[in-house]
file start-v2.cif (mmCIF, C-alpha atoms)
data_coords
#
loop_
_atom_site.label_atom_id
_atom_site.label_comp_id
_atom_site.auth_asym_id
_atom_site.auth_seq_id
_atom_site.Cartn_x
_atom_site.Cartn_y
_atom_site.Cartn_z
CA MET A 20 1.92 5.48 -8.52
CA ILE A 21 2.12 9.24 -8.51
CA SER A 22 1.15 9.44 -12.17
CA GLY A 23 -1.85 7.21 -11.45
CA LEU A 24 -2.90 9.53 -8.61
CA ILE A 25 -2.58 12.55 -10.89
CA LEU A 26 -4.64 10.97 -13.66
CA SER A 27 -7.30 9.73 -11.23
CA LEU A 28 -7.64 13.17 -9.65
CA LEU A 29 -7.99 14.81 -13.04
CA LEU A 30 -10.46 12.24 -14.36
CA SER A 31 -12.61 12.40 -11.22
CA HIS A 32 -13.47 16.02 -11.97
CA SER A 33 -15.24 15.11 -15.17
CA LEU A 34 -18.77 14.52 -13.91
CA TRP A 35 -19.78 12.61 -17.05
CA LEU A 36 -16.79 10.27 -16.85
CA ASP A 37 -16.92 9.88 -13.07
CA MET A 38 -20.54 8.72 -13.18
CA ARG A 39 -19.85 6.09 -15.82
CA MET A 40 -16.66 4.46 -14.57
CA ASN A 41 -14.54 4.11 -11.48
CA THR A 42 -11.75 6.61 -12.13
CA SER A 43 -9.72 5.09 -9.29
CA LEU A 44 -8.97 2.09 -11.50
CA VAL A 45 -6.46 4.24 -13.40
CA LEU A 46 -4.09 3.85 -10.43
CA PRO A 47 -3.56 0.06 -10.74
CA LEU A 48 -3.23 0.41 -14.52
CA CYS A 49 -0.46 2.99 -14.09
CA LEU A 50 1.22 0.79 -11.46
CA PHE A 51 1.07 -2.20 -13.80
CA PHE A 52 2.47 -0.33 -16.80
CA GLY A 53 5.09 1.42 -14.65
CA MET A 54 6.36 -1.85 -13.22
CA GLY A 55 6.39 -3.38 -16.69
CA ALA A 56 8.38 -0.47 -18.06
CA GLY A 57 10.76 -0.66 -15.11
CA LEU A 58 11.36 -4.35 -15.66
CA CYS A 59 11.92 -3.93 -19.39
CA SER A 60 14.33 -1.03 -19.17
CA LYS A 61 17.67 -1.32 -17.45
CA LYS A 62 18.12 2.41 -16.95
CA VAL A 63 17.60 4.14 -13.63
CA PRO A 64 14.81 6.76 -13.78
CA HIS A 65 15.95 10.34 -14.01
CA TYR A 66 15.74 12.28 -10.77
CA GLY A 67 14.14 15.27 -12.44
CA ILE A 68 11.17 13.28 -13.75
CA VAL A 69 10.38 11.94 -10.29
CA LEU A 70 10.55 15.39 -8.71
CA LEU A 71 8.46 16.82 -11.56
CA MET A 72 5.75 14.19 -11.02
CA GLN A 73 5.66 14.91 -7.28
CA GLY A 74 5.45 18.64 -7.98
CA ILE A 75 2.63 18.10 -10.48
CA LEU A 76 0.70 16.06 -7.89
CA VAL A 77 0.99 18.85 -5.32
CA PHE A 78 0.02 21.45 -7.96
CA ILE A 79 -3.04 19.44 -9.08
CA LEU A 80 -4.15 18.97 -5.47
CA GLY A 81 -3.69 22.69 -4.83
CA TYR A 82 -5.47 23.73 -8.01
CA VAL A 83 -8.42 21.37 -7.68
CA TYR A 84 -9.02 21.48 -3.93
CA GLY A 85 -7.49 24.81 -2.98
CA PRO A 86 -6.71 25.48 0.66
CA ASP A 87 -9.12 22.77 1.88
CA MET A 88 -6.65 20.56 3.77
CA GLY A 89 -9.37 18.01 4.50
CA ALA A 90 -9.58 17.21 0.79
CA TRP A 91 -5.80 17.05 0.57
CA THR A 92 -5.73 14.31 3.18
CA VAL A 93 -8.81 12.40 2.02
CA MET A 94 -8.75 12.31 -1.78
CA PRO A 95 -5.38 10.58 -2.41
CA ALA A 96 -6.18 8.01 0.29
CA LEU A 97 -9.65 7.39 -1.17
CA ILE A 98 -8.24 6.88 -4.65
CA ILE A 99 -5.61 4.44 -3.36
CA ARG A 100 -8.16 2.57 -1.24
CA GLU A 101 -10.67 2.21 -4.08
CA GLY A 102 -8.14 1.61 -6.83
CA LEU A 103 -6.18 -1.09 -5.00
CA PHE A 104 -9.31 -2.64 -3.41
CA LEU A 105 -8.21 -1.97 0.18
CA LYS A 106 -11.68 -1.30 1.62
CA PHE A 107 -10.67 -2.77 4.98
CA MET A 108 -7.96 -0.14 5.62
CA ASP A 109 -8.54 3.16 7.37
CA LEU A 110 -7.75 6.37 5.49
CA CYS A 111 -5.26 7.47 8.16
CA VAL A 112 -3.27 4.27 7.70
CA ILE A 113 -3.23 4.72 3.93
CA ASN A 114 -2.07 8.33 4.27
CA ARG A 115 0.73 7.33 6.62
CA LEU A 116 1.83 4.55 4.27
CA LEU A 117 1.72 6.94 1.31
CA VAL A 118 3.92 9.52 3.06
CA LEU A 119 6.28 6.79 4.26
CA LEU A 120 6.60 5.26 0.78
CA ILE A 121 7.21 8.64 -0.86
CA LEU A 122 9.88 9.56 1.69
CA LEU A 123 11.47 6.12 1.48
CA GLY A 124 11.39 6.19 -2.31
CA ASN A 125 13.03 9.61 -2.39
CA ARG A 126 15.71 8.42 0.04
CA ILE A 127 16.46 5.37 -2.11
CA LEU A 128 16.32 7.29 -5.40
CA PHE A 129 18.44 10.21 -4.24
CA PRO A 130 21.61 9.03 -2.50
CA PHE A 131 22.12 12.01 -0.19
CA ASN A 132 25.42 10.71 1.13
CA ARG A 133 26.87 11.38 -2.32
CA PHE A 134 26.20 15.09 -1.83
CA LEU A 135 27.71 15.08 1.65
CA LYS A 136 30.98 13.61 0.41
CA GLU A 137 31.39 16.30 -2.25
CA THR A 138 31.22 19.20 0.22
#

call {"tool": "encode", "arguments": {"input": "start-v2.cif", "output": "structure tokens"}}
result
Amino acid sequence: MISGLILSLLLSHSLWLDMRMNTSLVLPLCLFFGMGAGLCSKKVPHYGIVLLMQGILVFILGYVYGPDMGAWTVMPALIIREGLFLKFMDLCVINRLLVLLILLGNRILFPFNRFLKET
């Protein structure tokens, strides 16, 4: 999902491409291919790749929108709402779900209790 957000944000800044297609549709394509790859492979994703993708998303948001925090809160939610056809949901709800899913995914992916037992 994060890679779909990154690609959608980058593609939306091409005026020519943005006027000819809905760049938010990259998000469901990335979700579909990501789930397919996850089902086909039996390996657990590497922790570093996940953290790198989250860091790239924050960097892209910072580079493209700068210190405008309004854009930081609106653009990912707009891309998710348009890409997943959730027109009935409010942007605040989508933002809260996005933060909750990222935190929950990090908690599941990184077993922190393993680090506590080693110390």

call {"tool": "residues_around", "arguments": {"input": "start-v2.cif", "residues": "Ile98 of chain A", "least_positions_apart": "3", "cutoff": "9 Å", "atoms": "all atoms listed in the file", "output": "PyMOL selection string"}}
result
chain A and resi 24+27-28+42-44+46+93-95+101-103

call {"tool": "closest_residue", "arguments": {"input": "start-v2.cif", "among": "A:Asp37, A:Phe104, A:Ser22, A:Pro47", "to": "Gly74 of chain A", "atoms": "only C-alpha atoms"}}
result
A:Ser22

call {"tool": "closest_residue", "arguments": {"input": "start-v2.cif", "among": "A:Phe107, A:Ala56, A:Met72, A:His32", "to": "Ile121 of chain A", "atoms": "all atoms listed in the file"}}
result
A:Met72

call {"tool": "resolve_selection", "arguments": {"input": "start-v2.cif", "expression": "the PyMOL selection byres ((chain A and resi 83) around 12)", "output": "list in words"}}
result
Ile25, Leu28, Leu29, Leu30, Ser31, His32, Ser33, Ile75, Leu76, Val77, Phe78, Ile79, Leu80, Gly81, Tyr82, Tyr84, Gly85, Pro86, Asp87, Met88, Ala90, Trp91 and Met94 of chain A

call {"tool": "write_last_selection", "arguments": {"input": "start-v2.cif", "atoms": "C-alpha atoms", "output": "JSON list (two decimals), in the frame of the given file"}}
result
[["chain", "number", "residue", "atom", "x", "y", "z"],
["A", 25, "ILE", "CA", -2.58, 12.55, -10.89],
["A", 28, "LEU", "CA", -7.64, 13.17, -9.65],
["A", 29, "LEU", "CA", -7.99, 14.81, -13.04],
["A", 30, "LEU", "CA", -10.46, 12.24, -14.36],
["A", 31, "SER", "CA", -12.61, 12.40, -11.22],
["A", 32, "HIS", "CA", -13.47, 16.02, -11.97],
["A", 33, "SER", "CA", -15.24, 15.11, -15.17],
["A", 75, "ILE", "CA", 2.63, 18.10, -10.48],
["A", 76, "LEU", "CA", 0.70, 16.06, -7.89],
["A", 77, "VAL", "CA", 0.99, 18.85, -5.32],
["A", 78, "PHE", "CA", 0.02, 21.45, -7.96],
["A", 79, "ILE", "CA", -3.04, 19.44, -9.08],
["A", 80, "LEU", "CA", -4.15, 18.97, -5.47],
["A", 81, "GLY", "CA", -3.69, 22.69, -4.83],
["A", 82, "TYR", "CA", -5.47, 23.73, -8.01],
["A", 84, "TYR", "CA", -9.02, 21.48, -3.93],
["A", 85, "GLY", "CA", -7.49, 24.81, -2.98],
["A", 86, "PRO", "CA", -6.71, 25.48, 0.66],
["A", 87, "ASP", "CA", -9.12, 22.77, 1.88],
["A", 88, "MET", "CA", -6.65, 20.56, 3.77],
["A", 90, "ALA", "CA", -9.58, 17.21, 0.79],
["A", 91, "TRP", "CA", -5.80, 17.05, 0.57],
["A", 94, "MET", "CA", -8.75, 12.31, -1.78]]

call {"tool": "closest_residue", "arguments": {"input": "start-v2.cif", "among": "A:Ile99, A:Cys49, A:Leu105, A:Met54", "to": "Leu117 of chain A", "atoms": "all atoms listed in the file"}}
result
A:Ile99

call {"tool": "closest_residue", "arguments": {"input": "start-v2.cif", "among": "A:Ala96, A:Gly89, A:Gln73, A:Asn41", "to": "Leu116 of chain A", "atoms": "all atoms listed in the file"}}
result
A:Ala96

call {"tool": "atom_distance", "arguments": {"input": "start-v2.cif", "atom1": "atom CA of Leu119 of chain A", "atom2": "atom CA of Cys59 of chain A"}}
result
26.6 Å

call {"tool": "atom_distance", "arguments": {"input": "start-v2.cif", "atom1": "atom CA of Leu50 of chain A", "atom2": "atom CA of Gly23 of chain A"}}
result
7.1 Å

call {"tool": "residues_near_point", "arguments": {"input": "start-v2.cif", "point": "(-3.8, 8.0, 5.9)", "cutoff": "10 Å", "atoms": "all atoms listed in the file", "output": "list in words"}}
result
Thr92, Val93, Pro95, Ala96, Leu97, Arg100, Met108, Asp109, Leu110, Cys111, Val112, Ile113, Asn114, Arg115, Leu116, Leu117 and Val118 of chain A
